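S.K.: Dropping in start_25.txt, with compact mmCIF, C-alpha atoms.
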```
# COMPACT_ATOMS: atom_id res chain seq x y z
CA MET A 12 33.38 -50.36 -85.98
CA VAL A 13 35.42 -50.63 -82.76
CA ILE A 14 37.51 -47.61 -81.80
CA ILE A 15 40.80 -48.10 -79.97
CA MET A 16 41.03 -45.26 -77.45
CA GLU A 17 43.59 -46.38 -74.85
CA LYS A 18 46.70 -44.24 -74.31
CA ASP A 19 50.22 -45.56 -73.76
CA MET A 20 52.04 -43.37 -71.19
CA THR A 21 55.35 -45.23 -71.51
CA LYS A 22 56.49 -43.18 -74.52
CA GLY A 23 56.79 -39.46 -75.21
CA SER A 24 57.40 -36.33 -73.11
CA PRO A 25 56.42 -36.96 -69.45
CA MET A 26 55.35 -33.34 -68.94
CA ARG A 27 53.19 -33.36 -72.06
CA LEU A 28 51.65 -36.74 -71.16
CA ILE A 29 50.95 -35.69 -67.58
CA LEU A 30 49.32 -32.45 -68.68
CA GLY A 31 47.35 -34.20 -71.42
CA PHE A 32 46.05 -36.77 -68.95
CA ALA A 33 45.55 -34.45 -65.96
CA VAL A 34 43.69 -31.61 -67.70
CA PRO A 35 40.61 -33.69 -68.63
CA LEU A 36 40.69 -35.17 -65.13
CA LEU A 37 40.82 -31.66 -63.72
CA PHE A 38 37.76 -30.58 -65.67
CA GLY A 39 35.91 -33.62 -64.39
CA LEU A 40 36.90 -32.91 -60.80
CA LEU A 41 35.98 -29.25 -61.19
CA PHE A 42 32.54 -30.20 -62.44
CA GLN A 43 32.20 -32.70 -59.62
CA GLN A 44 33.05 -29.99 -57.11
CA PHE A 45 30.90 -27.54 -59.01
CA TYR A 46 27.75 -29.55 -58.52
CA SER A 47 28.80 -30.23 -54.92
CA MET A 48 29.04 -26.47 -54.54
CA VAL A 49 25.64 -26.06 -56.18
CA ASP A 50 24.25 -28.43 -53.55
CA ALA A 51 25.70 -26.19 -50.84
CA VAL A 52 24.58 -22.97 -52.52
CA ILE A 53 21.00 -24.18 -52.97
CA VAL A 54 20.85 -25.71 -49.50
CA GLY A 55 22.40 -22.65 -47.86
CA HIS A 56 20.23 -20.08 -49.62
CA TYR A 57 16.92 -21.96 -49.83
CA LEU A 58 17.03 -24.00 -46.62
CA GLY A 59 19.20 -21.76 -44.39
CA VAL A 60 22.44 -21.91 -42.40
CA ASP A 61 21.28 -24.81 -40.22
CA ALA A 62 20.62 -26.99 -43.27
CA LEU A 63 24.04 -26.08 -44.68
CA ALA A 64 25.59 -27.05 -41.35
CA ALA A 65 23.59 -30.31 -41.38
CA VAL A 66 25.11 -31.31 -44.72
CA GLY A 67 28.56 -30.17 -43.61
CA ALA A 68 28.38 -32.14 -40.37
CA THR A 69 28.29 -35.35 -42.44
CA GLY A 70 31.41 -34.46 -44.41
CA SER A 71 33.93 -36.57 -42.50
CA VAL A 72 31.83 -39.72 -42.25
CA ASN A 73 30.85 -39.24 -45.90
CA PHE A 74 34.52 -39.06 -46.86
CA MET A 75 35.34 -42.11 -44.73
CA ILE A 76 32.81 -44.33 -46.51
CA ILE A 77 32.67 -42.89 -50.03
CA GLY A 78 36.43 -42.32 -49.93
CA PHE A 79 36.89 -46.02 -49.18
CA CYS A 80 34.79 -46.87 -52.25
CA MET A 81 36.83 -44.53 -54.43
CA GLY A 82 40.13 -45.78 -53.04
CA VAL A 83 39.22 -49.44 -53.57
CA CYS A 84 38.26 -48.75 -57.19
CA SER A 85 41.49 -46.82 -57.81
CA GLY A 86 43.46 -49.70 -56.29
CA PHE A 87 41.69 -52.29 -58.45
CA ALA A 88 42.74 -50.28 -61.51
CA ILE A 89 46.46 -50.38 -60.69
CA PRO A 90 47.10 -54.01 -61.78
CA ILE A 91 45.03 -53.26 -64.88
CA ALA A 92 47.32 -50.31 -65.72
CA GLN A 93 50.44 -52.39 -65.00
CA GLU A 94 49.34 -55.29 -67.20
CA PHE A 95 48.37 -52.86 -69.95
CA GLY A 96 51.78 -51.18 -69.73
CA ALA A 97 53.45 -54.59 -69.92
CA GLY A 98 51.34 -55.60 -72.92
CA HIS A 99 49.69 -58.55 -71.12
CA GLU A 100 46.14 -58.08 -72.40
CA GLU A 101 44.69 -61.42 -71.27
CA ASN A 102 45.81 -60.92 -67.68
CA MET A 103 44.54 -57.35 -67.84
CA ARG A 104 41.07 -58.58 -68.78
CA LYS A 105 41.11 -61.16 -65.97
CA PHE A 106 41.84 -58.36 -63.53
CA VAL A 107 38.90 -56.42 -64.98
CA GLY A 108 36.53 -59.37 -64.63
CA ASN A 109 37.55 -60.15 -61.05
CA SER A 110 37.40 -56.48 -60.06
CA VAL A 111 33.74 -56.46 -61.15
CA TRP A 112 32.95 -59.39 -58.83
CA LEU A 113 34.73 -57.75 -55.93
CA SER A 114 33.03 -54.39 -56.51
CA CYS A 115 29.59 -56.03 -56.39
CA ILE A 116 30.40 -57.81 -53.11
CA PHE A 117 31.93 -54.74 -51.48
CA ALA A 118 29.01 -52.53 -52.54
CA ALA A 119 26.36 -54.91 -51.15
CA VAL A 120 28.05 -55.45 -47.78
CA MET A 121 28.97 -51.80 -47.24
CA THR A 122 25.51 -50.49 -48.11
CA VAL A 123 23.82 -52.67 -45.49
CA LEU A 124 26.36 -51.94 -42.75
CA VAL A 125 26.70 -48.18 -43.09
CA VAL A 126 22.97 -47.51 -43.49
CA ILE A 127 22.42 -49.29 -40.17
CA LEU A 128 25.27 -47.47 -38.42
CA CYS A 129 25.09 -43.92 -39.81
CA ARG A 130 22.83 -42.41 -37.08
CA PRO A 131 24.89 -43.83 -34.20
CA ILE A 132 28.01 -42.42 -35.87
CA LEU A 133 26.44 -38.95 -36.09
CA GLN A 134 25.55 -39.17 -32.40
CA VAL A 135 29.09 -40.19 -31.44
CA MET A 136 30.37 -37.21 -33.48
CA ASN A 137 28.45 -34.85 -31.19
CA THR A 138 26.31 -33.53 -34.06
CA PRO A 139 24.27 -30.57 -32.71
CA ALA A 140 20.70 -31.51 -31.79
CA ASN A 141 19.20 -28.82 -34.03
CA ILE A 142 20.72 -30.35 -37.19
CA ILE A 143 21.15 -34.09 -36.52
CA ASP A 144 17.84 -35.14 -38.13
CA ALA A 145 18.62 -33.23 -41.33
CA SER A 146 22.17 -34.63 -41.30
CA TYR A 147 20.81 -38.16 -41.06
CA SER A 148 18.24 -37.67 -43.83
CA TYR A 149 21.05 -36.47 -46.11
CA ILE A 150 23.73 -39.03 -45.37
CA VAL A 151 21.49 -42.10 -45.33
CA VAL A 152 20.45 -41.39 -48.94
CA ILE A 153 24.11 -40.96 -49.94
CA PHE A 154 24.92 -44.32 -48.35
CA LEU A 155 22.00 -46.04 -50.06
CA GLY A 156 23.70 -44.93 -53.28
CA ILE A 157 26.97 -46.79 -52.54
CA PRO A 158 26.36 -49.29 -55.40
CA VAL A 159 26.26 -46.46 -57.96
CA THR A 160 29.37 -44.96 -56.36
CA TYR A 161 31.14 -48.24 -57.10
CA LEU A 162 29.67 -48.37 -60.59
CA TYR A 163 30.96 -44.96 -61.64
CA ASN A 164 34.33 -45.10 -59.89
CA MET A 165 35.13 -48.64 -61.07
CA THR A 166 34.29 -47.96 -64.71
CA ALA A 167 36.02 -44.57 -64.65
CA SER A 168 39.14 -46.07 -63.03
CA ILE A 169 39.36 -48.80 -65.66
CA LEU A 170 39.08 -46.24 -68.46
CA ARG A 171 41.81 -44.10 -66.85
CA SER A 172 44.07 -47.12 -66.36
CA LEU A 173 44.04 -47.54 -70.15
CA GLY A 174 44.93 -43.89 -70.63
CA ASP A 175 41.43 -42.52 -71.35
CA SER A 176 40.87 -39.69 -68.87
CA LYS A 177 38.53 -37.74 -71.17
CA THR A 178 35.49 -40.01 -71.42
CA PRO A 179 34.70 -40.15 -67.66
CA VAL A 180 34.85 -36.35 -67.65
CA ILE A 181 32.27 -36.05 -70.43
CA PHE A 182 29.82 -38.23 -68.54
CA LEU A 183 30.59 -36.42 -65.29
CA VAL A 184 29.75 -33.09 -66.92
CA MET A 185 26.43 -34.54 -68.04
CA ALA A 186 25.83 -35.73 -64.48
CA ALA A 187 26.73 -32.32 -63.07
CA ILE A 188 24.18 -30.57 -65.26
CA LEU A 189 21.52 -33.12 -64.32
CA ASN A 190 22.43 -32.72 -60.65
CA ILE A 191 21.74 -28.98 -60.75
CA PHE A 192 18.28 -29.45 -62.20
CA LEU A 193 17.50 -32.27 -59.76
CA ASP A 194 18.68 -30.12 -56.84
CA LEU A 195 16.27 -27.37 -57.78
CA LEU A 196 13.48 -29.87 -58.42
CA CYS A 197 13.91 -31.86 -55.20
CA ILE A 198 14.57 -28.93 -52.86
CA ILE A 199 12.44 -26.10 -54.26
CA VAL A 200 9.59 -27.94 -56.00
CA PHE A 201 9.26 -31.19 -54.00
CA HIS A 202 10.42 -29.65 -50.66
CA MET A 203 12.57 -32.68 -49.80
CA GLY A 204 14.98 -30.68 -47.64
CA ALA A 205 18.62 -31.74 -47.30
CA ALA A 206 17.70 -35.25 -48.46
CA GLY A 207 16.78 -33.78 -51.85
CA ALA A 208 20.39 -32.76 -52.44
CA ALA A 209 21.48 -36.34 -51.70
CA VAL A 210 18.88 -37.81 -54.07
CA ALA A 211 20.13 -35.49 -56.83
CA THR A 212 23.72 -36.60 -56.25
CA VAL A 213 22.95 -40.33 -56.30
CA VAL A 214 20.75 -40.21 -59.42
CA SER A 215 23.32 -38.09 -61.29
CA GLN A 216 26.19 -40.42 -60.43
CA ALA A 217 24.13 -43.41 -61.51
CA LEU A 218 23.75 -41.82 -64.95
CA ALA A 219 27.51 -41.23 -65.23
CA GLY A 220 28.26 -44.82 -64.20
CA VAL A 221 25.84 -46.38 -66.68
CA CYS A 222 27.21 -44.20 -69.49
CA CYS A 223 30.81 -45.25 -68.70
CA LEU A 224 29.78 -48.90 -68.67
CA VAL A 225 28.02 -48.72 -72.03
CA PHE A 226 30.91 -46.77 -73.55
CA MET A 227 33.47 -49.34 -72.37
CA TYR A 228 31.45 -52.18 -73.84
CA LYS A 229 30.96 -50.54 -77.23
CA LYS A 230 34.26 -48.75 -77.82
CA PHE A 231 37.07 -50.75 -76.19
CA SER A 232 37.83 -53.99 -78.00
CA ILE A 233 40.62 -54.64 -75.52
CA LEU A 234 37.96 -55.01 -72.80
CA LYS A 235 35.92 -57.71 -74.53
CA LEU A 236 36.08 -60.53 -71.96
CA ASP A 237 35.40 -64.20 -72.74
CA LYS A 238 33.93 -66.66 -70.22
CA SER A 239 37.30 -67.76 -68.85
CA GLU A 240 38.28 -64.16 -68.13
CA TRP A 241 35.11 -63.62 -66.08
CA ARG A 242 35.90 -66.56 -63.77
CA TRP A 243 36.62 -65.96 -60.10
CA ASN A 244 40.39 -66.48 -59.69
CA ARG A 245 42.11 -66.54 -56.30
CA TYR A 246 45.37 -65.14 -57.61
CA PHE A 247 43.75 -62.15 -59.28
CA ILE A 248 41.35 -61.61 -56.38
CA GLY A 249 44.26 -61.65 -53.95
CA LYS A 250 46.27 -59.14 -55.92
CA LEU A 251 43.26 -56.85 -56.41
CA CYS A 252 42.49 -56.92 -52.68
CA GLY A 253 46.17 -56.31 -51.94
CA MET A 254 46.00 -53.13 -54.02
CA GLY A 255 42.43 -51.98 -53.48
CA ILE A 256 41.82 -52.50 -49.77
CA PRO A 257 44.93 -50.57 -48.62
CA MET A 258 44.00 -47.66 -50.90
CA GLY A 259 40.47 -47.68 -49.55
CA LEU A 260 41.74 -47.88 -45.97
CA GLN A 261 44.05 -44.97 -46.68
CA TYR A 262 40.99 -42.78 -47.26
CA SER A 263 39.11 -44.24 -44.30
CA VAL A 264 42.01 -44.01 -41.86
CA THR A 265 42.54 -40.40 -42.91
CA ALA A 266 38.83 -39.77 -42.41
CA ILE A 267 38.88 -41.13 -38.85
CA GLY A 268 41.01 -38.16 -37.92
CA GLY A 269 38.54 -35.98 -39.79
CA ILE A 270 35.66 -37.46 -37.81
CA ILE A 271 37.44 -36.72 -34.53
CA LEU A 272 38.12 -33.18 -35.71
CA GLN A 273 34.53 -32.81 -36.93
CA GLY A 274 33.32 -33.82 -33.48
CA ALA A 275 35.42 -31.04 -31.98
CA VAL A 276 34.08 -28.57 -34.55
CA ASN A 277 30.50 -29.70 -33.85
CA GLY A 278 31.11 -28.91 -30.19
CA LEU A 279 31.76 -25.28 -31.12
CA GLY A 280 28.19 -24.90 -32.42
CA SER A 281 26.28 -24.92 -35.71
CA ASP A 282 27.62 -21.49 -36.78
CA THR A 283 31.18 -22.83 -36.66
CA VAL A 284 30.10 -25.96 -38.53
CA ALA A 285 28.54 -23.72 -41.22
CA ALA A 286 31.76 -21.67 -41.53
CA VAL A 287 33.94 -24.78 -41.90
CA THR A 288 31.44 -26.29 -44.36
CA ALA A 289 31.48 -23.22 -46.62
CA ALA A 290 35.27 -22.93 -46.47
CA GLY A 291 35.57 -26.66 -47.10
CA LYS A 292 33.41 -26.47 -50.23
CA MET A 293 35.53 -23.66 -51.60
CA GLY A 294 38.73 -25.43 -50.57
CA MET A 295 37.73 -28.62 -52.39
CA LEU A 296 37.33 -26.58 -55.55
CA MET A 297 40.75 -24.99 -55.14
CA VAL A 298 42.58 -28.29 -54.63
CA CYS A 299 41.06 -30.15 -57.59
CA PRO A 300 44.31 -29.79 -59.59
CA PHE A 301 46.16 -31.71 -56.86
CA ASP A 302 43.63 -34.54 -57.06
CA ALA A 303 44.03 -34.61 -60.85
CA MET A 304 47.82 -34.78 -60.49
CA GLY A 305 47.49 -37.68 -58.06
CA SER A 306 45.23 -39.75 -60.28
CA THR A 307 47.51 -39.03 -63.23
CA MET A 308 50.61 -40.20 -61.37
CA ALA A 309 48.89 -43.46 -60.35
CA THR A 310 48.28 -44.37 -64.00
CA TYR A 311 51.64 -42.97 -65.15
CA GLY A 312 53.53 -44.87 -62.44
CA GLY A 313 51.59 -48.09 -63.04
CA GLN A 314 52.18 -48.15 -66.78
CA ASN A 315 55.88 -47.23 -66.60
CA VAL A 316 56.69 -49.69 -63.82
CA GLY A 317 54.82 -52.31 -65.86
CA ALA A 318 57.06 -51.37 -68.79
CA GLY A 319 60.15 -51.60 -66.54
CA ASN A 320 61.23 -47.96 -66.98
CA MET A 321 62.20 -46.29 -63.68
CA GLU A 322 63.91 -43.38 -65.42
CA ARG A 323 60.56 -42.25 -66.81
CA VAL A 324 59.03 -42.56 -63.34
CA ASP A 325 61.63 -40.12 -62.02
CA GLN A 326 61.05 -37.75 -64.92
CA GLY A 327 57.30 -37.83 -64.33
CA LEU A 328 57.71 -37.11 -60.61
CA LYS A 329 59.90 -34.11 -61.33
CA ALA A 330 57.50 -32.72 -63.95
CA CYS A 331 54.43 -33.14 -61.74
CA THR A 332 56.15 -31.62 -58.70
CA ILE A 333 56.95 -28.51 -60.74
CA LEU A 334 53.30 -28.28 -61.80
CA GLY A 335 52.22 -28.69 -58.17
CA LEU A 336 54.46 -25.88 -56.97
CA ILE A 337 53.31 -23.50 -59.69
CA TYR A 338 49.64 -24.13 -59.02
CA SER A 339 50.10 -23.88 -55.22
CA LEU A 340 51.36 -20.32 -55.63
CA ILE A 341 48.56 -19.40 -58.04
CA ALA A 342 45.92 -20.85 -55.70
CA LEU A 343 47.34 -18.97 -52.72
CA VAL A 344 47.08 -15.65 -54.57
CA LEU A 345 43.52 -16.42 -55.72
CA VAL A 346 42.36 -17.27 -52.20
CA TYR A 347 43.74 -14.03 -50.78
CA LEU A 348 42.35 -11.91 -53.63
CA VAL A 349 38.84 -13.32 -54.12
CA GLY A 350 38.29 -15.91 -51.40
CA ASN A 351 36.03 -13.69 -49.30
CA ARG A 352 33.81 -12.99 -52.32
CA LEU A 353 33.50 -16.65 -53.31
CA LEU A 354 32.32 -17.49 -49.81
CA LEU A 355 29.26 -15.31 -50.43
CA LEU A 356 28.01 -18.08 -52.71
CA PHE A 357 27.28 -20.16 -49.62
CA ILE A 358 26.64 -17.68 -46.83
CA ASP A 359 24.51 -14.55 -46.75
CA SER A 360 26.50 -11.32 -46.45
CA GLY A 361 24.69 -10.55 -43.19
CA GLU A 362 26.35 -13.52 -41.46
CA THR A 363 29.54 -11.56 -40.80
CA VAL A 364 30.96 -13.78 -38.04
CA ILE A 365 30.48 -16.97 -40.06
CA LEU A 366 31.99 -15.33 -43.15
CA GLY A 367 34.99 -14.08 -41.19
CA ASN A 368 35.71 -17.52 -39.74
CA ALA A 369 35.29 -19.21 -43.12
CA TYR A 370 37.74 -16.77 -44.75
CA ARG A 371 40.25 -17.28 -41.94
CA PHE A 372 40.02 -21.05 -42.41
CA ILE A 373 40.56 -21.02 -46.18
CA ARG A 374 43.45 -18.52 -46.00
CA THR A 375 45.29 -20.63 -43.42
CA ASN A 376 44.87 -23.79 -45.49
CA ALA A 377 46.04 -22.06 -48.68
CA LEU A 378 49.42 -21.30 -47.12
CA PHE A 379 50.10 -25.05 -47.05
CA TYR A 380 48.87 -26.10 -50.47
CA PHE A 381 52.30 -27.26 -51.69
CA PRO A 382 52.62 -29.92 -48.94
CA LEU A 383 49.15 -31.08 -50.02
CA ALA A 384 50.33 -31.23 -53.64
CA LEU A 385 53.24 -33.46 -52.59
CA ILE A 386 50.89 -35.81 -50.72
CA ASN A 387 48.79 -36.40 -53.83
CA ILE A 388 51.70 -36.68 -56.25
CA ILE A 389 53.91 -38.98 -54.17
CA ARG A 390 51.20 -41.10 -52.53
CA PHE A 391 49.45 -41.95 -55.79
CA LEU A 392 52.77 -42.56 -57.55
CA ILE A 393 53.74 -45.04 -54.81
CA GLN A 394 50.36 -46.74 -55.24
CA GLY A 395 50.75 -46.88 -59.01
CA MET A 396 54.12 -48.54 -58.54
CA GLY A 397 52.39 -51.32 -56.62
CA PHE A 398 52.99 -50.37 -52.96
CA SER A 399 49.46 -49.56 -51.87
CA LYS A 400 49.99 -50.70 -48.27
CA LEU A 401 52.32 -47.78 -47.63
CA ALA A 402 49.46 -45.41 -48.41
CA VAL A 403 47.69 -46.60 -45.26
CA PHE A 404 50.60 -45.33 -43.17
CA ALA A 405 50.41 -41.95 -44.87
CA GLY A 406 46.73 -41.83 -44.00
CA ALA A 407 47.59 -42.84 -40.43
CA PHE A 408 49.93 -39.86 -40.11
CA GLU A 409 47.13 -37.55 -41.26
CA MET A 410 44.73 -39.24 -38.85
CA VAL A 411 47.07 -38.76 -35.89
CA ALA A 412 47.58 -35.07 -36.70
CA ARG A 413 43.84 -34.35 -36.96
CA ALA A 414 43.13 -36.42 -33.84
CA ILE A 415 45.68 -34.38 -31.89
CA ALA A 416 44.08 -31.20 -33.16
CA GLY A 417 40.57 -32.42 -32.28
CA PHE A 418 41.34 -33.85 -28.84
CA VAL A 419 43.98 -31.38 -27.65
CA PHE A 420 44.30 -28.14 -29.61
CA VAL A 421 40.65 -27.28 -30.41
CA PRO A 422 39.55 -27.49 -26.74
CA LEU A 423 42.51 -25.28 -25.78
CA PHE A 424 42.61 -22.75 -28.64
CA GLY A 425 39.16 -22.97 -30.25
CA PHE A 426 38.63 -22.06 -33.89
CA GLY A 427 42.26 -21.09 -34.49
CA ALA A 428 43.27 -24.73 -33.96
CA VAL A 429 40.57 -25.86 -36.41
CA CYS A 430 42.20 -23.67 -39.09
CA PHE A 431 45.61 -25.32 -38.63
CA ALA A 432 44.38 -28.93 -38.36
CA ASN A 433 44.58 -29.72 -42.11
CA PRO A 434 48.02 -28.11 -42.61
CA LEU A 435 49.34 -30.08 -39.64
CA ALA A 436 47.98 -33.31 -41.18
CA TRP A 437 49.52 -32.53 -44.58
CA VAL A 438 52.97 -31.88 -43.11
CA PHE A 439 52.77 -35.07 -41.02
CA ALA A 440 51.95 -37.12 -44.12
CA ASP A 441 54.84 -35.66 -46.14
CA VAL A 442 57.29 -36.48 -43.34
CA PHE A 443 56.40 -40.13 -44.00
CA LEU A 444 55.82 -40.10 -47.76
CA ILE A 445 59.07 -38.55 -48.98
CA PRO A 446 61.40 -41.16 -47.41
CA ALA A 447 58.82 -43.86 -48.27
CA PHE A 448 59.10 -42.99 -51.96
CA LEU A 449 62.90 -43.17 -51.82
CA HIS A 450 62.59 -46.66 -50.32
CA VAL A 451 60.03 -47.75 -52.92
CA ARG A 452 62.10 -46.36 -55.76
CA LYS A 453 65.20 -48.23 -54.62
CA LYS A 454 63.31 -51.48 -54.14
CA THR A 455 61.56 -51.22 -57.54
CA ALA A 456 64.82 -50.42 -59.33
CA GLN A 457 66.42 -53.53 -57.80
CA VAL A 458 63.53 -55.75 -58.89
CA LEU A 459 63.58 -54.35 -62.43
CA ALA A 460 67.36 -54.80 -62.66
CA LYS A 461 66.96 -58.53 -61.89
CA ALA A 462 64.12 -59.01 -64.37
```
Let's see the structure in the file written out as structure tokens.

M.R.:
Amino acid sequence: MVIIMEKDMTKGSPMRLILGFAVPLLFGLLFQQFYSMVDAVIVGHYLGVDALAAVGATGSVNFMIIGFCMGVCSGFAIPIAQEFGAGHEENMRKFVGNSVWLSCIFAAVMTVLVVILCRPILQVMNTPANIIDASYSYIVVIFLGIPVTYLYNMTASILRSLGDSKTPVIFLVMAAILNIFLDLLCIIVFHMGAAGAAVATVVSQALAGVCCLVFMYKKFSILKLDKSEWRWNRYFIGKLCGMGIPMGLQYSVTAIGGIILQGAVNGLGSDTVAAVTAAGKMGMLMVCPFDAMGSTMATYGGQNVGAGNMERVDQGLKACTILGLIYSLIALVLVYLVGNRLLLLFIDSGETVILGNAYRFIRTNALFYFPLALINIIRFLIQGMGFSKLAVFAGAFEMVARAIAGFVFVPLFGFGAVCFANPLAWVFADVFLIPAFLHVRKKTAQVLAKA
């Protein structure tokens, strides 16, 4: 018996729909960050501060490449959500079929290129000599796993575009549990070093991707494609690339600024890298709700624009902004109350200087969480409405801010400038995104009025 599990977000209370969609996403993101934290905890405590710094030194280049994969998959899902919202099931399936072909091509080409280039990139980033070999052994395994990154993110994005945010979470939880056991096995039993943490991550994500694929095939009748819907089609390929590539570039362009900043941080020594790594791991956990809000607004915006209802788009934006403000205040209080204790998960209590710098970094970032919330909410809503190219400019604003911090402020002011680099990038992006949304809203309303 086939179970119909897709969710229509064009009807009902926007606040209730957003919460109902975002909460499962949040749990998935929390588990994803949880096993990322477990990686850092195990690496930091069993392999030492240098190994933790080695993993952290790859963070920006990791985000540039893996973020591109995630962005492309999210972009491919936007036309699927729009066609689903409009009730055009045949076109929706053609988008699914062509997105599979594109994902396979992108995965193959990217894997070959980045595996070849990852060591030169680490060298250009001024990675400290005492950690560069461990950094390379970690990141090259992650990059060899690019095909499974596409597998999970593409299948999960398709499920979310149809309103099912729960199923990817279930499989991600399974992957998180497996990742913990594999971390312990690879690092403690097999003595694989930092590369062991990467192997655990890749294998776990492969499991989640395969499970999503099997689930889609068995449970979603709406995704049963015939031969004609699998055919390569220039129109659908063009539209998918027009959505997916800008979203992927948005992550990569943003990450270029991060790479420049990481190079400046690397120049301050491995202790500083370790402090930023630990604070970054904790920070990623704290901002998961913003990521969930963003993914929710992409699907919400896509379906409601597909249905031709701009009023519901406005209502959804208002509801999600309220949620973002409330959580920003809660997160700020939590960081100031227990942030220093949470950092002990990654760093031994005897490393007082590293702990102090990490706590300073996370406190400074927490003061600017609401601008970060707005970035996720507005940027993903714009993308869901079909204006992915504008997201690249938002990423460019973040890149410029981090590049300024890395090239100018860090050499002048040291670690204090590192702490303010992310907030500066978030404010820069909002300066662009808020008027960009007003433009997109006006343009979309005009198009819908003529339809």

S.K.: Taking (37.8, -35.3, -29.6) in the file's coordinates, which residues come within 12 Å, counting only C-alpha atoms, written as a list of chain:residue names?

M.R.: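 Looking at atoms near the point gives A:Val135, A:Met136, A:Asn137, A:Ile267, A:Gly268, A:Gly269, A:Ile270, A:Ile271, A:Leu272, A:Gln273, A:Gly274, A:Ala275, A:Val276, A:Asn277, A:Gly278, A:Leu279, A:Val411, A:Arg413, A:Ala414, A:Ile415, A:Ala416, A:Gly417, A:Phe418, A:Val419, A:Phe420, A:Val421, A:Pro422, A:Leu423, A:Val429.
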
S.K.: Once you have the residues from the selection above, write them out as a CSV table (one decimal), in the frame of the given file, restricted to C-alpha atoms.

M.R.:
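And here's result05.csv as it stands now:
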```
chain,number,residue,atom,x,y,z
A,135,VAL,CA,29.1,-40.2,-31.4
A,136,MET,CA,30.4,-37.2,-33.5
A,137,ASN,CA,28.4,-34.8,-31.2
A,267,ILE,CA,38.9,-41.1,-38.8
A,268,GLY,CA,41.0,-38.2,-37.9
A,269,GLY,CA,38.5,-36.0,-39.8
A,270,ILE,CA,35.7,-37.5,-37.8
A,271,ILE,CA,37.4,-36.7,-34.5
A,272,LEU,CA,38.1,-33.2,-35.7
A,273,GLN,CA,34.5,-32.8,-36.9
A,274,GLY,CA,33.3,-33.8,-33.5
A,275,ALA,CA,35.4,-31.0,-32.0
A,276,VAL,CA,34.1,-28.6,-34.6
A,277,ASN,CA,30.5,-29.7,-33.8
A,278,GLY,CA,31.1,-28.9,-30.2
A,279,LEU,CA,31.8,-25.3,-31.1
A,411,VAL,CA,47.1,-38.8,-35.9
A,413,ARG,CA,43.8,-34.4,-37.0
A,414,ALA,CA,43.1,-36.4,-33.8
A,415,ILE,CA,45.7,-34.4,-31.9
A,416,ALA,CA,44.1,-31.2,-33.2
A,417,GLY,CA,40.6,-32.4,-32.3
A,418,PHE,CA,41.3,-33.8,-28.8
A,419,VAL,CA,44.0,-31.4,-27.6
A,420,PHE,CA,44.3,-28.1,-29.6
A,421,VAL,CA,40.6,-27.3,-30.4
A,422,PRO,CA,39.6,-27.5,-26.7
A,423,LEU,CA,42.5,-25.3,-25.8
A,429,VAL,CA,40.6,-25.9,-36.4
```

S.K.: Nearest to A:Thr332: which of A:Thr138, A:Ile29, A:Ala51, A:Thr178 is it, counting only C-alpha atoms?

M.R.: A:Ile29

S.K.: In terms of the shortest atom-to-atom distance over all atoms listed in the file, which of A:Val107, A:Ala266, A:Phe391, A:Ser215 is closest to A:Trp243?

M.R.: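 The answer is A:Val107, which sits nearest to A:Trp243.
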
S.K.: Would you be able to write out as a PyMOL selection string which residues have an atom within 9 Å of (41.7, -62.9, -71.5) in the file's coordinates, counting only C-alpha atoms?

M.R.: chain A and resi 100-105+234-241

S.K.: For A:Met81, please output as a list in words all residues within 9 Å (counting all atoms listed in the file; exclusion window: fewer than 5 positions along the same chain).

M.R.: Ile76, Gly86, Thr160, Tyr161, Asn164, Met165, Met258, Gly259 and Tyr262 of chain A

S.K.: Grab the residues selected above and save them as a short mmCIF file (atom, residue, chain, number, x, y, z; two decimals), keeping the file's coordinate frame with C-alpha atoms.

M.R.:
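Result saved to selection.cif:
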```cif
data_model
loop_
_atom_site.label_atom_id
_atom_site.label_comp_id
_atom_site.auth_asym_id
_atom_site.auth_seq_id
_atom_site.Cartn_x
_atom_site.Cartn_y
_atom_site.Cartn_z
CA ILE A 76 32.81 -44.33 -46.51
CA GLY A 86 43.46 -49.70 -56.29
CA THR A 160 29.37 -44.96 -56.36
CA TYR A 161 31.14 -48.24 -57.10
CA ASN A 164 34.33 -45.10 -59.89
CA MET A 165 35.13 -48.64 -61.07
CA MET A 258 44.00 -47.66 -50.90
CA GLY A 259 40.47 -47.68 -49.55
CA TYR A 262 40.99 -42.78 -47.26
#
```
